[in-house]
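J.: I'm passing along query_12.tsv; it holds TSV, N, CA and C atoms.
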chain	number	residue	atom	x	y	z
A	20	MET	N	204.97	-54.60	127.95
A	20	MET	CA	204.83	-53.24	128.42
A	20	MET	C	205.90	-52.99	129.48
A	21	GLN	N	206.62	-51.89	129.33
A	21	GLN	CA	207.67	-51.53	130.29
A	21	GLN	C	207.08	-50.66	131.39
A	22	GLY	N	207.90	-50.36	132.38
A	22	GLY	CA	207.44	-49.57	133.50
A	22	GLY	C	207.08	-50.46	134.66
A	23	THR	N	206.68	-49.85	135.77
A	23	THR	CA	206.30	-50.63	136.94
A	23	THR	C	204.94	-50.18	137.46
A	24	VAL	N	204.23	-51.13	138.02
A	24	VAL	CA	202.92	-50.87	138.60
A	24	VAL	C	202.94	-51.43	140.01
A	25	THR	N	202.59	-50.61	140.99
A	25	THR	CA	202.45	-51.06	142.37
A	25	THR	C	201.02	-50.78	142.79
A	26	MET	N	200.34	-51.83	143.25
A	26	MET	CA	198.96	-51.69	143.71
A	26	MET	C	198.92	-51.82	145.22
A	27	TYR	N	198.40	-50.79	145.86
A	27	TYR	CA	198.19	-50.81	147.31
A	27	TYR	C	196.74	-51.25	147.52
A	28	SER	N	196.57	-52.32	148.30
A	28	SER	CA	195.25	-52.94	148.40
A	28	SER	C	195.02	-53.52	149.80
A	29	THR	N	193.87	-54.17	149.93
A	29	THR	CA	193.55	-54.98	151.11
A	29	THR	C	192.98	-56.30	150.59
A	30	GLU	N	192.92	-57.30	151.45
A	30	GLU	CA	192.37	-58.60	151.04
A	30	GLU	C	190.88	-58.53	150.74
A	31	TRP	N	190.16	-57.66	151.42
A	31	TRP	CA	188.71	-57.63	151.33
A	31	TRP	C	188.19	-56.71	150.21
A	32	CYS	N	189.06	-56.02	149.51
A	32	CYS	CA	188.66	-55.01	148.53
A	32	CYS	C	188.25	-55.64	147.19
A	33	GLY	N	186.97	-55.54	146.87
A	33	GLY	CA	186.46	-56.06	145.61
A	33	GLY	C	187.00	-55.31	144.40
A	34	TYR	N	187.16	-54.00	144.51
A	34	TYR	CA	187.71	-53.22	143.41
A	34	TYR	C	189.15	-53.62	143.12
A	35	CYS	N	189.89	-53.96	144.18
A	35	CYS	CA	191.27	-54.43	144.01
A	35	CYS	C	191.29	-55.76	143.26
A	36	ARG	N	190.43	-56.69	143.66
A	36	ARG	CA	190.37	-57.99	142.97
A	36	ARG	C	190.02	-57.81	141.50
A	37	ARG	N	189.08	-56.92	141.22
A	37	ARG	CA	188.68	-56.69	139.82
A	37	ARG	C	189.85	-56.17	139.00
A	38	LEU	N	190.55	-55.15	139.50
A	38	LEU	CA	191.66	-54.57	138.76
A	38	LEU	C	192.80	-55.57	138.61
A	39	LYS	N	193.08	-56.35	139.65
A	39	LYS	CA	194.13	-57.37	139.54
A	39	LYS	C	193.79	-58.37	138.44
A	40	GLY	N	192.55	-58.82	138.39
A	40	GLY	CA	192.13	-59.76	137.36
A	40	GLY	C	192.29	-59.18	135.97
A	41	GLN	N	191.92	-57.91	135.81
A	41	GLN	CA	192.04	-57.25	134.51
A	41	GLN	C	193.51	-57.13	134.11
A	42	MET	N	194.36	-56.74	135.04
A	42	MET	CA	195.79	-56.61	134.71
A	42	MET	C	196.40	-57.97	134.42
A	43	ASP	N	195.99	-59.00	135.16
A	43	ASP	CA	196.48	-60.36	134.88
A	43	ASP	C	196.12	-60.77	133.45
A	44	ARG	N	194.86	-60.54	133.06
A	44	ARG	CA	194.42	-60.92	131.71
A	44	ARG	C	195.16	-60.16	130.62
A	45	GLU	N	195.55	-58.91	130.92
A	45	GLU	CA	196.26	-58.08	129.94
A	45	GLU	C	197.78	-58.31	129.97
A	46	GLY	N	198.25	-59.11	130.93
A	46	GLY	CA	199.68	-59.37	131.03
A	46	GLY	C	200.48	-58.22	131.62
A	47	ILE	N	199.82	-57.38	132.39
A	47	ILE	CA	200.50	-56.26	133.05
A	47	ILE	C	201.02	-56.74	134.40
A	48	ALA	N	202.33	-56.75	134.55
A	48	ALA	CA	202.94	-57.17	135.81
A	48	ALA	C	202.78	-56.08	136.84
A	49	TYR	N	202.58	-56.48	138.09
A	49	TYR	CA	202.41	-55.51	139.17
A	49	TYR	C	202.88	-56.13	140.47
A	50	THR	N	203.19	-55.25	141.40
A	50	THR	CA	203.51	-55.65	142.76
A	50	THR	C	202.33	-55.23	143.62
A	51	GLU	N	201.85	-56.13	144.45
A	51	GLU	CA	200.72	-55.82	145.32
A	51	GLU	C	201.21	-55.69	146.75
A	52	ILE	N	200.77	-54.63	147.43
A	52	ILE	CA	201.14	-54.40	148.82
A	52	ILE	C	199.86	-54.24	149.63
A	53	ASN	N	199.70	-55.09	150.62
A	53	ASN	CA	198.53	-55.04	151.51
A	53	ASN	C	198.79	-53.97	152.57
A	54	ILE	N	198.02	-52.89	152.52
A	54	ILE	CA	198.28	-51.77	153.45
A	54	ILE	C	197.94	-52.12	154.89
A	55	GLU	N	197.15	-53.18	155.09
A	55	GLU	CA	196.84	-53.59	156.47
A	55	GLU	C	198.02	-54.29	157.13
A	56	LEU	N	198.99	-54.70	156.33
A	56	LEU	CA	200.17	-55.39	156.86
A	56	LEU	C	201.42	-54.54	156.79
A	57	ASP	N	201.33	-53.36	156.18
A	57	ASP	CA	202.50	-52.51	155.97
A	57	ASP	C	202.17	-51.06	156.31
A	58	PRO	N	202.48	-50.62	157.53
A	58	PRO	CA	202.14	-49.26	157.95
A	58	PRO	C	202.71	-48.15	157.06
A	59	ALA	N	203.90	-48.35	156.53
A	59	ALA	CA	204.49	-47.32	155.66
A	59	ALA	C	203.67	-47.17	154.38
A	60	SER	N	203.19	-48.27	153.85
A	60	SER	CA	202.36	-48.22	152.65
A	60	SER	C	201.01	-47.60	152.96
A	61	ALA	N	200.46	-47.90	154.12
A	61	ALA	CA	199.20	-47.28	154.53
A	61	ALA	C	199.36	-45.77	154.61
A	62	ALA	N	200.49	-45.31	155.11
A	62	ALA	CA	200.76	-43.87	155.20
A	62	ALA	C	200.86	-43.26	153.80
A	63	PHE	N	201.49	-43.97	152.86
A	63	PHE	CA	201.57	-43.48	151.47
A	63	PHE	C	200.18	-43.32	150.87
A	64	VAL	N	199.32	-44.32	151.09
A	64	VAL	CA	197.96	-44.28	150.57
A	64	VAL	C	197.18	-43.12	151.19
A	65	GLU	N	197.34	-42.92	152.48
A	65	GLU	CA	196.67	-41.80	153.15
A	65	GLU	C	197.13	-40.46	152.58
A	66	GLN	N	198.42	-40.32	152.34
A	66	GLN	CA	198.96	-39.09	151.78
A	66	GLN	C	198.39	-38.84	150.38
A	67	ALA	N	198.25	-39.90	149.60
A	67	ALA	CA	197.75	-39.77	148.23
A	67	ALA	C	196.25	-39.50	148.17
A	68	ASN	N	195.54	-39.80	149.27
A	68	ASN	CA	194.08	-39.73	149.25
A	68	ASN	C	193.50	-38.84	150.35
A	69	GLY	N	194.16	-37.75	150.63
A	69	GLY	CA	193.63	-36.77	151.57
A	69	GLY	C	193.36	-37.32	152.96
A	70	GLY	N	194.22	-38.24	153.41
A	70	GLY	CA	194.08	-38.81	154.75
A	70	GLY	C	193.27	-40.09	154.81
A	71	ASN	N	192.72	-40.52	153.68
A	71	ASN	CA	191.90	-41.75	153.64
A	71	ASN	C	192.71	-42.93	153.13
A	72	GLN	N	192.39	-44.10	153.65
A	72	GLN	CA	193.03	-45.33	153.17
A	72	GLN	C	192.16	-45.95	152.07
A	73	THR	N	192.10	-45.26	150.94
A	73	THR	CA	191.28	-45.69	149.82
A	73	THR	C	192.08	-46.63	148.92
A	74	VAL	N	191.52	-47.80	148.65
A	74	VAL	CA	192.17	-48.77	147.79
A	74	VAL	C	191.20	-49.21	146.69
A	75	PRO	N	191.71	-49.60	145.54
A	75	PRO	CA	193.13	-49.64	145.22
A	75	PRO	C	193.69	-48.25	144.94
A	76	THR	N	194.87	-48.03	145.44
A	76	THR	CA	195.68	-46.90	145.04
A	76	THR	C	196.83	-47.49	144.25
A	77	VAL	N	197.06	-46.95	143.07
A	77	VAL	CA	198.04	-47.54	142.16
A	77	VAL	C	199.10	-46.50	141.83
A	78	LEU	N	200.37	-46.92	141.96
A	78	LEU	CA	201.51	-46.10	141.58
A	78	LEU	C	202.08	-46.69	140.30
A	79	VAL	N	202.11	-45.91	139.24
A	79	VAL	CA	202.68	-46.34	137.97
A	79	VAL	C	203.91	-45.49	137.69
A	80	VAL	N	205.01	-46.15	137.37
A	80	VAL	CA	206.20	-45.46	136.90
A	80	VAL	C	206.38	-45.89	135.45
A	81	ALA	N	206.16	-44.96	134.54
A	81	ALA	CA	206.25	-45.23	133.11
A	81	ALA	C	207.71	-45.42	132.70
A	82	PRO	N	207.96	-46.00	131.54
A	82	PRO	CA	209.34	-46.15	131.06
A	82	PRO	C	210.10	-44.83	131.01
A	83	SER	N	209.39	-43.74	130.81
A	83	SER	CA	210.02	-42.41	130.76
A	83	SER	C	210.44	-41.92	132.14
A	84	GLY	N	209.96	-42.60	133.20
A	84	GLY	CA	210.23	-42.18	134.57
A	84	GLY	C	209.11	-41.36	135.17
A	85	THR	N	208.09	-41.07	134.38
A	85	THR	CA	206.94	-40.31	134.86
A	85	THR	C	206.14	-41.14	135.86
A	86	GLU	N	205.87	-40.57	137.03
A	86	GLU	CA	205.10	-41.27	138.06
A	86	GLU	C	203.67	-40.77	138.07
A	87	SER	N	202.74	-41.71	138.21
A	87	SER	CA	201.33	-41.38	138.34
A	87	SER	C	200.77	-42.15	139.52
A	88	VAL	N	200.03	-41.46	140.39
A	88	VAL	CA	199.34	-42.11	141.49
A	88	VAL	C	197.85	-41.95	141.23
A	89	MET	N	197.14	-43.08	141.19
A	89	MET	CA	195.72	-43.07	140.86
A	89	MET	C	194.94	-43.83	141.92
A	90	THR	N	193.73	-43.37	142.18
A	90	THR	CA	192.85	-44.03	143.13
A	90	THR	C	191.74	-44.72	142.35
A	91	ASN	N	191.61	-46.04	142.56
A	91	ASN	CA	190.60	-46.86	141.89
A	91	ASN	C	190.57	-46.60	140.39
A	92	PRO	N	191.73	-46.75	139.73
A	92	PRO	CA	191.77	-46.47	138.30
A	92	PRO	C	191.14	-47.60	137.49
A	93	SER	N	190.76	-47.26	136.28
A	93	SER	CA	190.32	-48.27	135.33
A	93	SER	C	191.56	-48.92	134.70
A	94	LEU	N	191.36	-50.04	134.06
A	94	LEU	CA	192.46	-50.69	133.34
A	94	LEU	C	193.00	-49.74	132.27
A	95	ALA	N	192.11	-49.03	131.59
A	95	ALA	CA	192.54	-48.09	130.55
A	95	ALA	C	193.44	-47.00	131.13
A	96	GLN	N	193.13	-46.52	132.34
A	96	GLN	CA	193.96	-45.49	132.96
A	96	GLN	C	195.34	-46.02	133.31
A	97	VAL	N	195.41	-47.26	133.78
A	97	VAL	CA	196.71	-47.86	134.09
A	97	VAL	C	197.53	-48.00	132.81
A	98	LYS	N	196.91	-48.51	131.76
A	98	LYS	CA	197.62	-48.66	130.48
A	98	LYS	C	198.10	-47.31	129.95
A	99	GLN	N	197.27	-46.30	130.05
A	99	GLN	CA	197.65	-44.96	129.59
A	99	GLN	C	198.83	-44.44	130.39
A	100	ALA	N	198.83	-44.62	131.70
A	100	ALA	CA	199.92	-44.14	132.54
A	100	ALA	C	201.23	-44.84	132.20
A	101	LEU	N	201.16	-46.08	131.74
A	101	LEU	CA	202.37	-46.81	131.35
A	101	LEU	C	202.96	-46.33	130.04
A	102	THR	N	202.20	-45.58	129.26
A	102	THR	CA	202.69	-45.14	127.95
A	102	THR	C	203.19	-43.71	127.97
A	103	VAL	N	203.12	-43.03	129.09
A	103	VAL	CA	203.53	-41.62	129.16
A	103	VAL	C	205.04	-41.52	129.08
Output the structure of this file as structure tokens.

T.:
Amino acid sequence: MQGTVTMYSTEWCGYCRRLKGQMDREGIAYTEINIELDPASAAFVEQANGGNQTVPTVLVVAPSGTESVMTNPSLAQVKQALTV
């Protein structure tokens, strides 16, 4: 699968662990950024979520260049965003 996936997360987030495990099993490569260690990423997450630091927040850039930002997406939503 082409495109890029960036997951903004924290170490303590169970939803983040679940989605990472699902993407690992499906062979979807991703970059993980811990927002507690990166203030710029925390600001991006806040902007995407109405001022809240909600994780996982996932940025998908499809092969077409289409960008999608999703909050707590399902594996199916990530896969769909990669095919746009």

J.: Between atom C of Met42 (chain A) and atom C of Gly69 (chain A), what is the distance in Å, rounded to a tenth?

T.: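 Calculated distance between atom C of Met42 (chain A) and atom C of Gly69 (chain A) is 27.9 Å.
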
J.: Go through A:Pro75, A:Gly70, A:Tyr27, A:Arg37 one by one, measure the shortest atom-to-atom distance of each to Glu55 (chain A) using only N, CA and C atoms, and give the residue with the smallest value.

T.: A:Tyr27

J.: Suppose you want the space between atom N of Ser83 (chain A) and CA of Pro58 (chain A); what is it in Å?

T.: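 CA of Pro58 (chain A) lies 28.6 Å from atom N of Ser83 (chain A).
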
J.: Return the single residue from A:Met26, A:Ala95, A:Val103, A:Ala62 that is closest to Pro82 (chain A), with distances computed using all atoms listed in the file.

T.: A:Val103

J.: Extract the full set of alpha helix (DSSP H) residues from chain A according to DSSP on the backbone, and format it as a short mmCIF file (atom, residue, chain, number, x, y, z; two decimals) with N, CA and C atoms, in the frame of the given file.

T.:
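File written: result_39.cif
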data_model
loop_
_atom_site.label_atom_id
_atom_site.label_comp_id
_atom_site.auth_asym_id
_atom_site.auth_seq_id
_atom_site.Cartn_x
_atom_site.Cartn_y
_atom_site.Cartn_z
N GLY A 33 186.97 -55.54 146.87
CA GLY A 33 186.46 -56.06 145.61
C GLY A 33 187.00 -55.31 144.40
N TYR A 34 187.16 -54.00 144.51
CA TYR A 34 187.71 -53.22 143.41
C TYR A 34 189.15 -53.62 143.12
N CYS A 35 189.89 -53.96 144.18
CA CYS A 35 191.27 -54.43 144.01
C CYS A 35 191.29 -55.76 143.26
N ARG A 36 190.43 -56.69 143.66
CA ARG A 36 190.37 -57.99 142.97
C ARG A 36 190.02 -57.81 141.50
N ARG A 37 189.08 -56.92 141.22
CA ARG A 37 188.68 -56.69 139.82
C ARG A 37 189.85 -56.17 139.00
N LEU A 38 190.55 -55.15 139.50
CA LEU A 38 191.66 -54.57 138.76
C LEU A 38 192.80 -55.57 138.61
N LYS A 39 193.08 -56.35 139.65
CA LYS A 39 194.13 -57.37 139.54
C LYS A 39 193.79 -58.37 138.44
N GLY A 40 192.55 -58.82 138.39
CA GLY A 40 192.13 -59.76 137.36
C GLY A 40 192.29 -59.18 135.97
N GLN A 41 191.92 -57.91 135.81
CA GLN A 41 192.04 -57.25 134.51
C GLN A 41 193.51 -57.13 134.11
N MET A 42 194.36 -56.74 135.04
CA MET A 42 195.79 -56.61 134.71
C MET A 42 196.40 -57.97 134.42
N ASP A 43 195.99 -59.00 135.16
CA ASP A 43 196.48 -60.36 134.88
C ASP A 43 196.12 -60.77 133.45
N ARG A 44 194.86 -60.54 133.06
CA ARG A 44 194.42 -60.92 131.71
C ARG A 44 195.16 -60.16 130.62
N GLU A 45 195.55 -58.91 130.92
CA GLU A 45 196.26 -58.08 129.94
C GLU A 45 197.78 -58.31 129.97
N PRO A 58 202.48 -50.62 157.53
CA PRO A 58 202.14 -49.26 157.95
C PRO A 58 202.71 -48.15 157.06
N ALA A 59 203.90 -48.35 156.53
CA ALA A 59 204.49 -47.32 155.66
C ALA A 59 203.67 -47.17 154.38
N SER A 60 203.19 -48.27 153.85
CA SER A 60 202.36 -48.22 152.65
C SER A 60 201.01 -47.60 152.96
N ALA A 61 200.46 -47.90 154.12
CA ALA A 61 199.20 -47.28 154.53
C ALA A 61 199.36 -45.77 154.61
N ALA A 62 200.49 -45.31 155.11
CA ALA A 62 200.76 -43.87 155.20
C ALA A 62 200.86 -43.26 153.80
N PHE A 63 201.49 -43.97 152.86
CA PHE A 63 201.57 -43.48 151.47
C PHE A 63 200.18 -43.32 150.87
N VAL A 64 199.32 -44.32 151.09
CA VAL A 64 197.96 -44.28 150.57
C VAL A 64 197.18 -43.12 151.19
N GLU A 65 197.34 -42.92 152.48
CA GLU A 65 196.67 -41.80 153.15
C GLU A 65 197.13 -40.46 152.58
N GLN A 66 198.42 -40.32 152.34
CA GLN A 66 198.96 -39.09 151.78
C GLN A 66 198.39 -38.84 150.38
N ALA A 67 198.25 -39.90 149.60
CA ALA A 67 197.75 -39.77 148.23
C ALA A 67 196.25 -39.50 148.17
N LEU A 94 191.36 -50.04 134.06
CA LEU A 94 192.46 -50.69 133.34
C LEU A 94 193.00 -49.74 132.27
N ALA A 95 192.11 -49.03 131.59
CA ALA A 95 192.54 -48.09 130.55
C ALA A 95 193.44 -47.00 131.13
N GLN A 96 193.13 -46.52 132.34
CA GLN A 96 193.96 -45.49 132.96
C GLN A 96 195.34 -46.02 133.31
N VAL A 97 195.41 -47.26 133.78
CA VAL A 97 196.71 -47.86 134.09
C VAL A 97 197.53 -48.00 132.81
N LYS A 98 196.91 -48.51 131.76
CA LYS A 98 197.62 -48.66 130.48
C LYS A 98 198.10 -47.31 129.95
N GLN A 99 197.27 -46.30 130.05
CA GLN A 99 197.65 -44.96 129.59
C GLN A 99 198.83 -44.44 130.39
N ALA A 100 198.83 -44.62 131.70
CA ALA A 100 199.92 -44.14 132.54
C ALA A 100 201.23 -44.84 132.20
N LEU A 101 201.16 -46.08 131.74
CA LEU A 101 202.37 -46.81 131.35
C LEU A 101 202.96 -46.33 130.04
#

J.: Hey, which of A:Thr73, A:Leu38, A:Leu78, A:Thr25 ends up closest to Ser93 (chain A)? Count all atoms listed in the file.

T.: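 Ranking A:Thr73, A:Leu38, A:Leu78, A:Thr25 by distance to Ser93 (chain A), first place goes to A:Leu38.
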
J.: Report, in Å with one decimal, the straight-line distance from atom N of Gln21 (chain A) to CA of Ala100 (chain A).

T.: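 Computing it gives 10.7 Å between the two atoms.
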
J.: May I have the residues within 8 Å of region 50-52 of chain A as a VMD selection string, using only N, CA and C atoms and disregarding those fewer than 5 positions away in the same chain?

T.: chain A and resid 23 to 30 57 60 to 61

J.: Just checking: using only C-alpha atoms, which residue out of A:Val88, A:Leu94, A:Ile54, A:Leu101 ends up closest to Gly22 (chain A)?

T.: A:Leu101

J.: Among chain A, which residues does DSSP mark as strand (DSSP E or B) when it is run on the backbone? Keep the chain and numbering as in the structure and answer as an mmCIF file with N, CA and C atoms, in the coordinates of the input.

T.:
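Produced file out-v7.cif, reproduced below:
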data_model
loop_
_atom_site.group_PDB
_atom_site.id
_atom_site.type_symbol
_atom_site.label_atom_id
_atom_site.label_comp_id
_atom_site.auth_asym_id
_atom_site.auth_seq_id
_atom_site.Cartn_x
_atom_site.Cartn_y
_atom_site.Cartn_z
ATOM 1 N N THR A 23 206.680 -49.850 135.770
ATOM 2 C CA THR A 23 206.300 -50.630 136.940
ATOM 3 C C THR A 23 204.940 -50.180 137.460
ATOM 4 N N VAL A 24 204.230 -51.130 138.020
ATOM 5 C CA VAL A 24 202.920 -50.870 138.600
ATOM 6 C C VAL A 24 202.940 -51.430 140.010
ATOM 7 N N THR A 25 202.590 -50.610 140.990
ATOM 8 C CA THR A 25 202.450 -51.060 142.370
ATOM 9 C C THR A 25 201.020 -50.780 142.790
ATOM 10 N N MET A 26 200.340 -51.830 143.250
ATOM 11 C CA MET A 26 198.960 -51.690 143.710
ATOM 12 C C MET A 26 198.920 -51.820 145.220
ATOM 13 N N TYR A 27 198.400 -50.790 145.860
ATOM 14 C CA TYR A 27 198.190 -50.810 147.310
ATOM 15 C C TYR A 27 196.740 -51.250 147.520
ATOM 16 N N SER A 28 196.570 -52.320 148.300
ATOM 17 C CA SER A 28 195.250 -52.940 148.400
ATOM 18 C C SER A 28 195.020 -53.520 149.800
ATOM 19 N N THR A 50 203.190 -55.250 141.400
ATOM 20 C CA THR A 50 203.510 -55.650 142.760
ATOM 21 C C THR A 50 202.330 -55.230 143.620
ATOM 22 N N GLU A 51 201.850 -56.130 144.450
ATOM 23 C CA GLU A 51 200.720 -55.820 145.320
ATOM 24 C C GLU A 51 201.210 -55.690 146.750
ATOM 25 N N ILE A 52 200.770 -54.630 147.430
ATOM 26 C CA ILE A 52 201.140 -54.400 148.820
ATOM 27 C C ILE A 52 199.860 -54.240 149.630
ATOM 28 N N ASN A 53 199.700 -55.090 150.620
ATOM 29 C CA ASN A 53 198.530 -55.040 151.510
ATOM 30 C C ASN A 53 198.790 -53.970 152.570
ATOM 31 N N THR A 76 194.870 -48.030 145.440
ATOM 32 C CA THR A 76 195.680 -46.900 145.040
ATOM 33 C C THR A 76 196.830 -47.490 144.250
ATOM 34 N N VAL A 77 197.060 -46.950 143.070
ATOM 35 C CA VAL A 77 198.040 -47.540 142.160
ATOM 36 C C VAL A 77 199.100 -46.500 141.830
ATOM 37 N N LEU A 78 200.370 -46.920 141.960
ATOM 38 C CA LEU A 78 201.510 -46.100 141.580
ATOM 39 C C LEU A 78 202.080 -46.690 140.300
ATOM 40 N N VAL A 79 202.110 -45.910 139.240
ATOM 41 C CA VAL A 79 202.680 -46.340 137.970
ATOM 42 C C VAL A 79 203.910 -45.490 137.690
ATOM 43 N N VAL A 80 205.010 -46.150 137.370
ATOM 44 C CA VAL A 80 206.200 -45.460 136.900
ATOM 45 C C VAL A 80 206.380 -45.890 135.450
ATOM 46 N N GLU A 86 205.870 -40.570 137.030
ATOM 47 C CA GLU A 86 205.100 -41.270 138.060
ATOM 48 C C GLU A 86 203.670 -40.770 138.070
ATOM 49 N N SER A 87 202.740 -41.710 138.210
ATOM 50 C CA SER A 87 201.330 -41.380 138.340
ATOM 51 C C SER A 87 200.770 -42.150 139.520
ATOM 52 N N VAL A 88 200.030 -41.460 140.390
ATOM 53 C CA VAL A 88 199.340 -42.110 141.490
ATOM 54 C C VAL A 88 197.850 -41.950 141.230
ATOM 55 N N MET A 89 197.140 -43.080 141.190
ATOM 56 C CA MET A 89 195.720 -43.070 140.860
ATOM 57 C C MET A 89 194.940 -43.830 141.920
ATOM 58 N N THR A 90 193.730 -43.370 142.180
ATOM 59 C CA THR A 90 192.850 -44.030 143.130
ATOM 60 C C THR A 90 191.740 -44.720 142.350
#

J.: Identify which of the residues A:Ala59, A:Val74, A:Glu65, A:Gly46 lies closest to Gly33 (chain A), counting only N, CA and C atoms when measuring atom-to-atom distances.

T.: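 Of A:Ala59, A:Val74, A:Glu65, A:Gly46, the one nearest Gly33 (chain A), counting only N, CA and C atoms, is A:Val74.
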
J.: Pro92 (chain A): which residues within 6.5 Å, counting all atoms listed in the file, same-chain residues fewer than 4 positions away excluded, as JSON, numbers by chain?

T.: {"A": [75, 77, 96, 97]}
